[in-house]
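**Q** The structure that follows is given in the form of structure tokens.
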There are 4 protein chains.
Amino acid sequence: MLVVMQAQATEDQVRAVSQKIEALGYRAHPMPGAQRTAIGITGNKGEVESGTLEEMPGVQEVIRVSKPYKLVSRDTKPDNTVVKFPGSQVTIGGPDLAIIAGPCGIETRDQAFKIAERVARAGARFFRGGAYKPRTSPYSFQGLGEEGLKIMAEIRDQFGLLIVTEAVDYESLDLVDQYADVIQIGARNMQNFSLLKRAGRARKPVLLKRGISATLEEFLMAAEYIMSEGNYNIVLCERGVRTFTDHTRNTLDLSIVPAVQRLSHLPIIVDPSHGTGKRNKVTPLSRAAVAVGADGLIVEVHHDPDRALSDGMQSLFPDQFDALMQQVKQIAAVLGRNVPIKSNVPTELTNSAD
Amino acid sequence: MLVVMQAQATEDQVRAVSQKIEALGYRAHPMPGAQRTAIGITGNKGEVESGTLEEMPGVQEVIRVSKPYKLVSRDTKPDNTVVKFPGSQVTIGGPDLAIIAGPCGIETRDQAFKIAERVARAGARFFRGGAYKPRTSPYSFQGLGEEGLKIMAEIRDQFGLLIVTEAVDYESLDLVDQYADVIQIGARNMQNFSLLKRAGRARKPVLLKRGISATLEEFLMAAEYIMSEGNYNIVLCERGVRTFTDHTRNTLDLSIVPAVQRLSHLPIIVDPSHGTGKRNKVTPLSRAAVAVGADGLIVEVHHDPDRALSDGMQSLFPDQFDALMQQVKQIAAVLGRNVPIKSNVPTELTNSAD
Amino acid sequence: MLVVMQAQATEDQVRAVSQKIEALGYRAHPMPGAQRTAIGITGNKGEVESGTLEEMPGVQEVIRVSKPYKLVSRDTKPDNTVVKFPGSQVTIGGPDLAIIAGPCGIETRDQAFKIAERVARAGARFFRGGAYKPRTSPYSFQGLGEEGLKIMAEIRDQFGLLIVTEAVDYESLDLVDQYADVIQIGARNMQNFSLLKRAGRARKPVLLKRGISATLEEFLMAAEYIMSEGNYNIVLCERGVRTFTDHTRNTLDLSIVPAVQRLSHLPIIVDPSHGTGKRNKVTPLSRAAVAVGADGLIVEVHHDPDRALSDGMQSLFPDQFDALMQQVKQIAAVLGRNVPIKSNVPTELTNSAD
Amino acid sequence: MLVVMQAQATEDQVRAVSQKIEALGYRAHPMPGAQRTAIGITGNKGEVESGTLEEMPGVQEVIRVSKPYKLVSRDTKPDNTVVKFPGSQVTIGGPDLAIIAGPCGIETRDQAFKIAERVARAGARFFRGGAYKPRTSPYSFQGLGEEGLKIMAEIRDQFGLLIVTEAVDYESLDLVDQYADVIQIGARNMQNFSLLKRAGRARKPVLLKRGISATLEEFLMAAEYIMSEGNYNIVLCERGVRTFTDHTRNTLDLSIVPAVQRLSHLPIIVDPSHGTGKRNKVTPLSRAAVAVGADGLIVEVHHDPDRALSDGMQSLFPDQFDALMQQVKQIAAVLGRNVPIKSNVPTELTNSAD
């Protein structure tokens, strides 16, 4: 914490602020400058409220300095976290990129299997699909619930894909923890602290999506909530933030990838489907996400997006997903990372927006 | 829904889009214009996905037209909703402004009673205080839980104040429904749809705070979630949105008050404490909120903000709250509304920022 | 400037940063804390670049502290600036609110006179109207140029109104300085520093509109540009900022009024017409602007908005402006300020959005 | 334009709106729907104001449909624009990526030559450097003016680099047009329409930077201003937009690259230096910009950023720029594009944020 005094603050005012700081149990460090005096505060545990100081005579402003996250910080654990899955070679945060693909929502067994077959063949190691859908309207399709989870468990057995799916409350979280391999916490619940704590007591890794207007600090603090309950396997996910722009549904903030990697040991992946909301932007932004250094992608794929019950307009056709995999594999190679697909034939790339 | 064709779209392309629309079960209305053709779509129930159409040859863009909210709309109920409380003359949405005041969090019985005594004396009819605090950090004060609810129930008995307090999950919602008079859903949970549905099955009115980056439509849809479960007593609350500005913690968006009143029958109040995050801005913005036409205010008051365990820097001192009440009473009178306090002595107002 | 070291930074790293600071010609103030060390820097003139420091081993982040504005600051001039007009009793920043009204653009002599007659009769002391219109499209009406300025000069002679109009480049600024009473710099030119400097050398007061995404600091620095060239008569104007919201054209940020008044001695008025972009929001937000403590309003009025060549949808009808004047006069009175109109009959205010 | 009627609008109200539309000289297309009626309007030239219609009884809202840009649109010119330079093989918008590099500002002849030598050797074909600096503070370094332009003209002669530099007003624009190869219009002047028109009458190509909160439409309309005066050689540049985030100075919006390419024939490059404001983010975001499909990069490089008079903290060291060139060359190859440097030795890329 730092208190900046006004230019015309008197020595008495500086002294009063320093005494107040000491009275609150901290240590004051006055620094007289050419124009004004600033007073550093040390010894605070992040709980001190700056209100009193800000209102004192002669005070210009109070600036918070300490960062409140601890367990998720590189200060605490310098090495990258690599999330592992029992009985599988697949990891998130290691040299292989994690590619998670599938429909927005599980609609029928047939739909889910058709898509799973295609994304598995294209090389994805994770299957995504919503059984519990947080929809803006109560009148929209809300997901199949446990029935959807069972379909995904079958998909794991049949295709060897690891299952990623969202939990929206305690009940669904317990079921997701039971049926799936990764528990997704969606953007709308990034500050649903009750749910975060419950996820922190689950056994499975958590995929935590950035809230639509979350700062980097809030994002890391949400992960801190999960970790503070004992679950250390967390994957962060950038999925676009809300801005004034209108050419995409959200603005994909790729700069948060290196920013997270600097401050935290946790892996971070990117969701170009929600991040743009438009099918024709998903492939270019997937390339960009891999190029910026993300640890993976989560992409919506649907074999019949016209009839999708949700988010059809941002879902790739399976053929488009095949092409995407080829492209990101080549980009990943430039960064010394791998996308574990068999074939490696470069697909033709057009200059314009695919 | 409206499909806008490109300027150079051919007649065949227009026809193909129209046929697609009809094949999806809707009716197409092509409108040839000077520069380009637009095709109106009618018959949609809000579930159609624009993806397919947007990707068809010759299509420029697809524009959504219908608004998805129904029960909260003035189309459905032209008259203002006035929330009533059994055994009390107090209302929200009627001619009297609803003034809700109290500390950010209930810390001790003594603290809560001291503040309740002051806000009751100043004329507030509602007491606010958090028993369950959604805090950004897991290491911050999280509230007293049920113990805090019991303290507030005592305050109702002693001072005749109606109790407003936040619920953060099923368990706390059931307890708040039992102990309090108004169930608050906080900004971070505005799209926690599970919680909204549960609040829709509660007996008590719901105070729904706008999410930090919620559009007007999302805000009304969150209320629609509650109402679709049968709870018609909802009070909306503007509490500031997240923008690029840094002179206040959030940007208080007062224009949403007339915007809500135009589209919905629900009352809307304003929270200048969270909306600004700075004590010295609370009184000017409270005046502005009443002047714009809000149905009430929710204000943080603390007798000793220096020692508050949360949000001290935005809490008014009780004397400041007294002055605020005098000022808003006079402004309310200009709009033909009332703040039910006894005395009416104008306090001196300074030109500068209080 | 404050350098925050990482938690695990070594003593050598702290020493290296301190030496670097001293080598750059400043003074370093290391403050060891419980978790990490922070190093205060004094002696900087606002020109030091934090880049080097930020990249040094052990550095977490660098925080800028000093505010770069000088002449516009209350530190420099504690008393409010009151802008005066030679040969007139009218002021901006004094006890009387400045009400500026008129059409978006001057279209014809007849149109301008019709509107001027009405706004003068309603009590406005300033007439606004654009002769040079910064339009988003090159194909939109661009204003009458000097012809428009001549019409406004005639209006001053006939109705005794002071003329406020926008300059968009050197040539128009020289003409506006010659014909008008207040030179408006529009939001789009708030950081057109060449134009600001030229305005700083003009004789007439400057009305400086906040840029659509300007921070408080950038806004004050734009005023500093003008003042640094010798023109001390500056009136600031909040006109809405760009956010994610879509229910108004911009988001009117009324909290900047008390924020400016705290930091600067300059008067600040509010533009609810551009601030909302919707006629039905202008009156409620005008009341709010006066209630928050603004020094005046600038409002678009048109007798025939359907045929207005620009911004018709946000222009009030003259009768609506009459009603607005009655309402804001009453609100102003609550704050001890005056709107100098003759009659004082309260108009009926409705609860809903006018 | 589309008028959406309220659900309970009467037939008379629908008829009245249609008659109003026809009276305004347009054609009305009523479309009765299940819930409400919408009325399409054709024949408008972009000048009709929606105000009247929006205020009519029974009207819910008015939606604008037509896009106002013409010359910059792919509707007008389907093929990509490739900007050529007389007497040079270099292009912007062709298969070779345009790499523009140099210091933020020209400070001395020695500084400029040292940096030019390095960026030329690394493979850049364009040299950037500011002679006229739009600085937030009037007390900051404002550039060398014509002296700086002369230094850059010498650099062209010596190193064969094409010169890109910013103009801030008529006078500087005329000089830049004379000395340089590309006239840059900065973000702050993106809606300085007088300057845009003047640039439209210059002989040299224009590099137009996106305003800090410009929508895609406003960005294209700014280009339309230039083109409407006869200058068809325009290069667009994304340089970050202002959002709520605080981990970078701006939020680089890479999704605008495919969005521009879909709507316009103009080339678009990316500025990762201003787009992030942090040296350690420039290289990852440069890779991402090339991967998303940008036609080039503009990057700040300084041999001694600690002593740079502006933007030192976002300038790369020359060695970092060498590494960046190697990386983007490899990424470009994946997209079938070229960065014309000699050597091709892959540099080691780290997983974390460089």
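Chain identifiers are assigned as A, B, and so on, following the order in which chains appear in the structure tokens; residues are numbered from 1 within each chain, and ligands are numbered from 1 in order of appearance.
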For chain A, which residues have at least one atom within 7 Å of chain C, if we go by only C-alpha atoms? Write them as a count of residues only, please.

**A** 10

**Q** Among range 78-222 of chain B, which residues does DSSP mark as alpha helix (DSSP H) when it is run on the backbone? Keep the chain and numbering as in the structure and answer as a PyMOL selection string.

**A** chain B and resi 109-122+146-159+170-179+193-200+216-222

**Q** Write a file of the just-selected residues containing N, CA and C atoms, as a compact mmCIF listing (two decimals), in the first residue's frame.

**A**
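Now in result-v7.txt:
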# COMPACT_ATOMS: atom_id res chain seq x y z
N ARG B 109 -22.73 -8.50 16.80
CA ARG B 109 -24.07 -8.03 17.21
C ARG B 109 -24.01 -6.55 17.57
N ASP B 110 -22.98 -6.17 18.26
CA ASP B 110 -22.85 -4.78 18.70
C ASP B 110 -22.73 -3.84 17.50
N GLN B 111 -21.85 -4.20 16.57
CA GLN B 111 -21.68 -3.38 15.36
C GLN B 111 -23.00 -3.23 14.62
N ALA B 112 -23.70 -4.34 14.42
CA ALA B 112 -24.93 -4.31 13.63
C ALA B 112 -26.00 -3.47 14.32
N PHE B 113 -26.12 -3.63 15.62
CA PHE B 113 -27.14 -2.85 16.34
C PHE B 113 -26.83 -1.36 16.32
N LYS B 114 -25.56 -1.00 16.52
CA LYS B 114 -25.18 0.42 16.51
C LYS B 114 -25.58 1.04 15.18
N ILE B 115 -25.28 0.35 14.09
CA ILE B 115 -25.56 0.92 12.77
C ILE B 115 -27.07 0.92 12.50
N ALA B 116 -27.74 -0.16 12.89
CA ALA B 116 -29.18 -0.25 12.65
C ALA B 116 -29.91 0.89 13.36
N GLU B 117 -29.48 1.18 14.59
CA GLU B 117 -30.12 2.25 15.36
C GLU B 117 -30.02 3.57 14.61
N ARG B 118 -28.82 3.82 14.02
CA ARG B 118 -28.61 5.09 13.31
C ARG B 118 -29.39 5.16 12.00
N VAL B 119 -29.40 4.09 11.23
CA VAL B 119 -30.09 4.17 9.94
C VAL B 119 -31.60 4.21 10.16
N ALA B 120 -32.09 3.53 11.20
CA ALA B 120 -33.52 3.59 11.49
C ALA B 120 -33.90 5.02 11.87
N ARG B 121 -33.07 5.63 12.73
CA ARG B 121 -33.36 6.99 13.16
C ARG B 121 -33.33 7.96 11.98
N ALA B 122 -32.46 7.70 11.01
CA ALA B 122 -32.35 8.59 9.84
C ALA B 122 -33.54 8.41 8.90
N GLU B 146 -25.18 -18.09 9.36
CA GLU B 146 -26.49 -18.09 10.02
C GLU B 146 -26.48 -17.19 11.25
N GLU B 147 -25.34 -17.14 11.95
CA GLU B 147 -25.23 -16.26 13.12
C GLU B 147 -25.56 -14.82 12.73
N GLY B 148 -25.08 -14.39 11.56
CA GLY B 148 -25.37 -13.04 11.07
C GLY B 148 -26.85 -12.87 10.75
N LEU B 149 -27.46 -13.90 10.21
CA LEU B 149 -28.90 -13.83 9.90
C LEU B 149 -29.72 -13.66 11.18
N LYS B 150 -29.30 -14.36 12.23
CA LYS B 150 -30.03 -14.26 13.50
C LYS B 150 -29.94 -12.85 14.08
N ILE B 151 -28.74 -12.27 13.97
CA ILE B 151 -28.57 -10.89 14.45
C ILE B 151 -29.51 -9.96 13.68
N MET B 152 -29.61 -10.15 12.37
CA MET B 152 -30.49 -9.28 11.59
C MET B 152 -31.97 -9.51 11.92
N ALA B 153 -32.34 -10.74 12.23
CA ALA B 153 -33.73 -11.00 12.63
C ALA B 153 -34.05 -10.25 13.92
N GLU B 154 -33.08 -10.21 14.83
CA GLU B 154 -33.27 -9.43 16.07
C GLU B 154 -33.43 -7.95 15.77
N ILE B 155 -32.66 -7.49 14.79
CA ILE B 155 -32.74 -6.07 14.42
C ILE B 155 -34.13 -5.75 13.88
N ARG B 156 -34.70 -6.65 13.10
CA ARG B 156 -36.07 -6.42 12.61
C ARG B 156 -37.02 -6.26 13.78
N ASP B 157 -36.87 -7.16 14.75
CA ASP B 157 -37.77 -7.10 15.90
C ASP B 157 -37.60 -5.80 16.68
N GLN B 158 -36.36 -5.42 16.86
CA GLN B 158 -36.11 -4.25 17.71
C GLN B 158 -36.42 -2.92 17.03
N PHE B 159 -36.04 -2.79 15.75
CA PHE B 159 -36.15 -1.48 15.10
C PHE B 159 -37.26 -1.42 14.04
N TYR B 170 -27.62 -22.59 -2.53
CA TYR B 170 -28.91 -23.12 -2.10
C TYR B 170 -29.08 -23.02 -0.59
N GLU B 171 -28.03 -23.46 0.11
CA GLU B 171 -28.13 -23.54 1.56
C GLU B 171 -28.39 -22.16 2.18
N SER B 172 -27.58 -21.18 1.73
CA SER B 172 -27.75 -19.84 2.30
C SER B 172 -29.08 -19.24 1.82
N LEU B 173 -29.51 -19.58 0.61
CA LEU B 173 -30.77 -19.02 0.14
C LEU B 173 -31.94 -19.51 0.99
N ASP B 174 -31.92 -20.78 1.35
CA ASP B 174 -33.01 -21.29 2.18
C ASP B 174 -33.02 -20.58 3.53
N LEU B 175 -31.84 -20.33 4.09
CA LEU B 175 -31.77 -19.65 5.38
C LEU B 175 -32.19 -18.19 5.26
N VAL B 176 -31.74 -17.53 4.20
CA VAL B 176 -32.13 -16.12 4.01
C VAL B 176 -33.63 -16.03 3.81
N ASP B 177 -34.19 -16.96 3.06
CA ASP B 177 -35.64 -16.99 2.84
C ASP B 177 -36.38 -17.11 4.18
N GLN B 178 -35.75 -17.82 5.11
CA GLN B 178 -36.37 -18.06 6.42
C GLN B 178 -36.24 -16.84 7.35
N TYR B 179 -35.03 -16.24 7.38
CA TYR B 179 -34.77 -15.18 8.36
C TYR B 179 -35.06 -13.76 7.85
N PHE B 193 -27.60 -19.46 -12.94
CA PHE B 193 -29.00 -19.74 -13.25
C PHE B 193 -29.62 -20.73 -12.27
N SER B 194 -28.82 -21.64 -11.74
CA SER B 194 -29.35 -22.56 -10.72
C SER B 194 -29.84 -21.78 -9.52
N LEU B 195 -29.06 -20.81 -9.10
CA LEU B 195 -29.45 -20.02 -7.93
C LEU B 195 -30.68 -19.17 -8.25
N LEU B 196 -30.74 -18.63 -9.47
CA LEU B 196 -31.90 -17.82 -9.84
C LEU B 196 -33.18 -18.65 -9.80
N LYS B 197 -33.09 -19.88 -10.31
CA LYS B 197 -34.29 -20.72 -10.29
C LYS B 197 -34.72 -21.03 -8.86
N ARG B 198 -33.73 -21.30 -8.01
CA ARG B 198 -34.06 -21.57 -6.61
C ARG B 198 -34.72 -20.33 -5.98
N ALA B 199 -34.20 -19.15 -6.30
CA ALA B 199 -34.80 -17.92 -5.78
C ALA B 199 -36.22 -17.76 -6.31
N GLY B 200 -36.46 -18.27 -7.50
CA GLY B 200 -37.80 -18.20 -8.09
C GLY B 200 -38.80 -19.09 -7.35
N LEU B 216 -28.58 -4.76 -20.69
CA LEU B 216 -29.97 -4.62 -20.25
C LEU B 216 -30.73 -5.92 -20.51
N GLU B 217 -30.52 -6.51 -21.67
CA GLU B 217 -31.26 -7.73 -21.99
C GLU B 217 -30.90 -8.89 -21.06
N GLU B 218 -29.61 -9.04 -20.80
CA GLU B 218 -29.19 -10.12 -19.89
C GLU B 218 -29.75 -9.90 -18.48
N PHE B 219 -29.79 -8.64 -18.07
CA PHE B 219 -30.30 -8.28 -16.75
C PHE B 219 -31.78 -8.69 -16.67
N LEU B 220 -32.55 -8.31 -17.67
CA LEU B 220 -33.97 -8.65 -17.66
C LEU B 220 -34.17 -10.17 -17.79
N MET B 221 -33.30 -10.84 -18.55
CA MET B 221 -33.43 -12.29 -18.67
C MET B 221 -33.14 -12.99 -17.36
N ALA B 222 -32.24 -12.43 -16.55
CA ALA B 222 -31.97 -13.02 -15.24
C ALA B 222 -33.23 -12.91 -14.37

**Q** Would you kindly return, as a list in words, each protein, DNA or RNA residue with an atom no farther than 9 Å from any atom of Leu207 in chain B, considering only C-alpha atoms and excluding same-chain residues fewer than 6 positions away?

**A**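 Final neighbour list, sorted by chain and number: Val164, Thr165, Glu166, Val182, Ile183, Gln184, Ile185, Gly186, Asn233, Ile234, Val235, Leu236 and Cys237 of chain B.
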
**Q** List the spatial neighbours of Asp319 in chain B as a ChimeraX atom specification - criterion: any atom at most 12 Å away, only C-alpha atoms, same-chain residues fewer than 3 positions off excluded.

**A** /B:115,118-119,121-122,283,301-304,315-316,322-326,347

**Q** Would you write out those residues with N, CA and C atoms, as a PDB file, in the first residue's frame?

**A**
ATOM      1  N   ILE B 115     -25.277   0.348  14.090  1.00  0.00           N
ATOM      2  CA  ILE B 115     -25.561   0.920  12.773  1.00  0.00           C
ATOM      3  C   ILE B 115     -27.066   0.925  12.504  1.00  0.00           C
ATOM      4  N   ARG B 118     -28.824   3.822  14.018  1.00  0.00           N
ATOM      5  CA  ARG B 118     -28.611   5.086  13.315  1.00  0.00           C
ATOM      6  C   ARG B 118     -29.391   5.160  12.003  1.00  0.00           C
ATOM      7  N   VAL B 119     -29.398   4.093  11.229  1.00  0.00           N
ATOM      8  CA  VAL B 119     -30.095   4.174   9.943  1.00  0.00           C
ATOM      9  C   VAL B 119     -31.602   4.210  10.158  1.00  0.00           C
ATOM     10  N   ARG B 121     -33.065   5.627  12.729  1.00  0.00           N
ATOM     11  CA  ARG B 121     -33.359   6.988  13.164  1.00  0.00           C
ATOM     12  C   ARG B 121     -33.329   7.957  11.979  1.00  0.00           C
ATOM     13  N   ALA B 122     -32.457   7.705  11.010  1.00  0.00           N
ATOM     14  CA  ALA B 122     -32.351   8.588   9.845  1.00  0.00           C
ATOM     15  C   ALA B 122     -33.535   8.414   8.897  1.00  0.00           C
ATOM     16  N   THR B 283     -22.743  10.348  -1.884  1.00  0.00           N
ATOM     17  CA  THR B 283     -23.844  11.298  -1.739  1.00  0.00           C
ATOM     18  C   THR B 283     -24.204  11.973  -3.066  1.00  0.00           C
ATOM     19  N   VAL B 301     -23.463   1.915   5.200  1.00  0.00           N
ATOM     20  CA  VAL B 301     -23.227   2.834   6.319  1.00  0.00           C
ATOM     21  C   VAL B 301     -22.476   2.060   7.389  1.00  0.00           C
ATOM     22  N   HIS B 302     -21.469   2.686   7.979  1.00  0.00           N
ATOM     23  CA  HIS B 302     -20.714   2.018   9.044  1.00  0.00           C
ATOM     24  C   HIS B 302     -20.298   3.076  10.051  1.00  0.00           C
ATOM     25  N   HIS B 303     -20.441   2.752  11.342  1.00  0.00           N
ATOM     26  CA  HIS B 303     -20.102   3.747  12.365  1.00  0.00           C
ATOM     27  C   HIS B 303     -18.590   3.859  12.545  1.00  0.00           C
ATOM     28  N   ASP B 304     -17.842   2.862  12.050  1.00  0.00           N
ATOM     29  CA  ASP B 304     -16.392   2.861  12.263  1.00  0.00           C
ATOM     30  C   ASP B 304     -15.719   2.228  11.041  1.00  0.00           C
ATOM     31  N   SER B 315     -18.107   3.080   2.704  1.00  0.00           N
ATOM     32  CA  SER B 315     -19.212   3.225   3.657  1.00  0.00           C
ATOM     33  C   SER B 315     -19.309   4.658   4.154  1.00  0.00           C
ATOM     34  N   LEU B 316     -20.539   5.152   4.247  1.00  0.00           N
ATOM     35  CA  LEU B 316     -20.762   6.473   4.831  1.00  0.00           C
ATOM     36  C   LEU B 316     -20.697   6.382   6.355  1.00  0.00           C
ATOM     37  N   ASP B 322     -27.280  10.695   7.455  1.00  0.00           N
ATOM     38  CA  ASP B 322     -28.353  11.635   7.832  1.00  0.00           C
ATOM     39  C   ASP B 322     -28.479  12.748   6.789  1.00  0.00           C
ATOM     40  N   ALA B 323     -27.335  13.312   6.424  1.00  0.00           N
ATOM     41  CA  ALA B 323     -27.349  14.419   5.458  1.00  0.00           C
ATOM     42  C   ALA B 323     -27.856  13.939   4.101  1.00  0.00           C
ATOM     43  N   LEU B 324     -27.426  12.758   3.698  1.00  0.00           N
ATOM     44  CA  LEU B 324     -27.890  12.181   2.429  1.00  0.00           C
ATOM     45  C   LEU B 324     -29.410  12.073   2.414  1.00  0.00           C
ATOM     46  N   MET B 325     -29.972  11.606   3.510  1.00  0.00           N
ATOM     47  CA  MET B 325     -31.433  11.428   3.561  1.00  0.00           C
ATOM     48  C   MET B 325     -32.151  12.766   3.363  1.00  0.00           C
ATOM     49  N   GLN B 326     -31.627  13.804   3.980  1.00  0.00           N
ATOM     50  CA  GLN B 326     -32.247  15.132   3.822  1.00  0.00           C
ATOM     51  C   GLN B 326     -32.184  15.573   2.356  1.00  0.00           C
ATOM     52  N   THR B 347     -30.090  20.561   4.622  1.00  0.00           N
ATOM     53  CA  THR B 347     -28.693  20.672   5.003  1.00  0.00           C
ATOM     54  C   THR B 347     -27.954  21.470   3.953  1.00  0.00           C
TER      55      THR B 347
END

**Q** I'd like the contact shell of Gly145 in chain D - 9 Å cut-off, only C-alpha atoms, skipping same-chain residues fewer than 6 positions apart - returned as a ChimeraX atom specification.

**A** /D:130-133,172
